[in-house]
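*Asks:* Got a structure for you, written out below as structure tokens; questions coming shortly.
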Amino acid sequence: MLNVEILDIFLAGNLCGKLFRFNNGSASIITRFVPDQSFIHSSPQPTLSLSMQAEDAAQQKEHLLERLRVHRFQ
């Protein structure tokens with residue numbers, strides 16, 4: 001049985017995205033952050049993690065849009 005947990009991620013009262021946690025009981029647990037559309041298009045974007053920080057604003061937006069395309073759960 002697949003167990004999915006979803007956590008809304010807010011920063012300063014603004015929704016940044018959702019953190020998904022997938023657990024099927026036998027394989028490794030998978031955790032994915034999926035950015036919210038409003039977060040992707042905000043300027044400047046707040047830094048949630050240095051591991052998600054790009055060199056420039058255009059590259060940052062493209063990176064977040066790619067995450068949204070790959071992890072479309074809604």
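Note on naming: chains are A, B, ... as they come in the structure tokens, residues start from 1 per chain, ligands start from 1 in the order shown.
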Can you pull out every residue within 12 Å of A:Ala12, counting only C-alpha atoms, but drop anything in the same chain fewer than 6 positions away, and send it as a list of chain:residue names?

*Replies:*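 Answer for this query is A:Gln45, A:Pro46, A:Thr47, A:Leu48.
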
*Asks:* Step one, run DSSP on the backbone; step two, keep only residues of chain A assigned to strand (DSSP E); then write them as a PyMOL selection string.

*Replies:* chain A and resi 3-11+14-23+30-35

*Asks:* Could those residues be written to a file, using C-alpha atoms, as a PDB file, in the first residue's frame?

*Replies:*
```
ATOM      1  CA  ASN A   3       1.399   6.025   1.811  1.00  0.00           C
ATOM      2  CA  VAL A   4       1.670   9.660   0.676  1.00  0.00           C
ATOM      3  CA  GLU A   5       2.162  12.559   3.053  1.00  0.00           C
ATOM      4  CA  ILE A   6       1.999  16.184   1.855  1.00  0.00           C
ATOM      5  CA  LEU A   7       3.294  19.204   3.737  1.00  0.00           C
ATOM      6  CA  ASP A   8       2.682  22.779   2.598  1.00  0.00           C
ATOM      7  CA  ILE A   9       5.891  24.838   2.843  1.00  0.00           C
ATOM      8  CA  PHE A  10       5.468  28.505   3.775  1.00  0.00           C
ATOM      9  CA  LEU A  11       8.098  31.216   4.140  1.00  0.00           C
ATOM     10  CA  ASN A  14       3.774  32.856   1.499  1.00  0.00           C
ATOM     11  CA  LEU A  15       3.206  29.378   0.062  1.00  0.00           C
ATOM     12  CA  CYS A  16       6.442  28.191  -1.576  1.00  0.00           C
ATOM     13  CA  GLY A  17       5.377  24.688  -2.518  1.00  0.00           C
ATOM     14  CA  LYS A  18       4.616  21.222  -1.229  1.00  0.00           C
ATOM     15  CA  LEU A  19       6.878  18.571   0.225  1.00  0.00           C
ATOM     16  CA  PHE A  20       5.745  15.081  -0.794  1.00  0.00           C
ATOM     17  CA  ARG A  21       6.823  11.941   1.063  1.00  0.00           C
ATOM     18  CA  PHE A  22       6.117   8.584  -0.595  1.00  0.00           C
ATOM     19  CA  ASN A  23       6.414   5.306   1.296  1.00  0.00           C
ATOM     20  CA  ILE A  30      11.089   9.218  -1.533  1.00  0.00           C
ATOM     21  CA  THR A  31      10.821  12.906  -0.621  1.00  0.00           C
ATOM     22  CA  ARG A  32      10.252  15.593  -3.271  1.00  0.00           C
ATOM     23  CA  PHE A  33       9.705  19.346  -3.134  1.00  0.00           C
ATOM     24  CA  VAL A  34       7.314  20.687  -5.785  1.00  0.00           C
ATOM     25  CA  PRO A  35       7.307  24.494  -6.075  1.00  0.00           C
TER      26      PRO A  35
END
```

*Asks:* Could you give me, as an MDAnalysis selection string, each residue of chain A that DSSP assigns to alpha helix (DSSP H) when run on this structure's backbone?

*Replies:* chainID A and resid 37:40 57:70

*Asks:* With C-alpha atoms retained, export the selected residues as an mmCIF file, in the first residue's frame.

*Replies:*
```cif
data_model
loop_
_atom_site.group_PDB
_atom_site.id
_atom_site.type_symbol
_atom_site.label_atom_id
_atom_site.label_comp_id
_atom_site.auth_asym_id
_atom_site.auth_seq_id
_atom_site.Cartn_x
_atom_site.Cartn_y
_atom_site.Cartn_z
ATOM 1 C CA GLN A 37 3.366 28.533 -9.365
ATOM 2 C CA SER A 38 3.279 31.775 -7.347
ATOM 3 C CA PHE A 39 6.713 30.961 -5.888
ATOM 4 C CA ILE A 40 8.178 30.225 -9.320
ATOM 5 C CA ALA A 57 17.287 34.578 -11.907
ATOM 6 C CA ALA A 58 16.468 33.120 -15.346
ATOM 7 C CA GLN A 59 18.289 29.876 -14.575
ATOM 8 C CA GLN A 60 16.558 29.703 -11.175
ATOM 9 C CA LYS A 61 13.112 30.072 -12.734
ATOM 10 C CA GLU A 62 13.847 27.414 -15.381
ATOM 11 C CA HIS A 63 15.099 25.003 -12.694
ATOM 12 C CA LEU A 64 11.887 25.436 -10.686
ATOM 13 C CA LEU A 65 9.672 25.086 -13.757
ATOM 14 C CA GLU A 66 11.476 21.841 -14.615
ATOM 15 C CA ARG A 67 10.813 20.500 -11.094
ATOM 16 C CA LEU A 68 7.150 21.374 -11.532
ATOM 17 C CA ARG A 69 6.957 19.562 -14.915
ATOM 18 C CA VAL A 70 8.702 16.447 -13.622
#
```

*Asks:* Given the choices A:Gly13, A:Gln53, A:His41, A:Leu2, which gets closest to A:Gly25 if the distance is worked out from only C-alpha atoms?

*Replies:*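 When distances to A:Gly25 are compared using only C-alpha atoms, the smallest one comes from A:Leu2.
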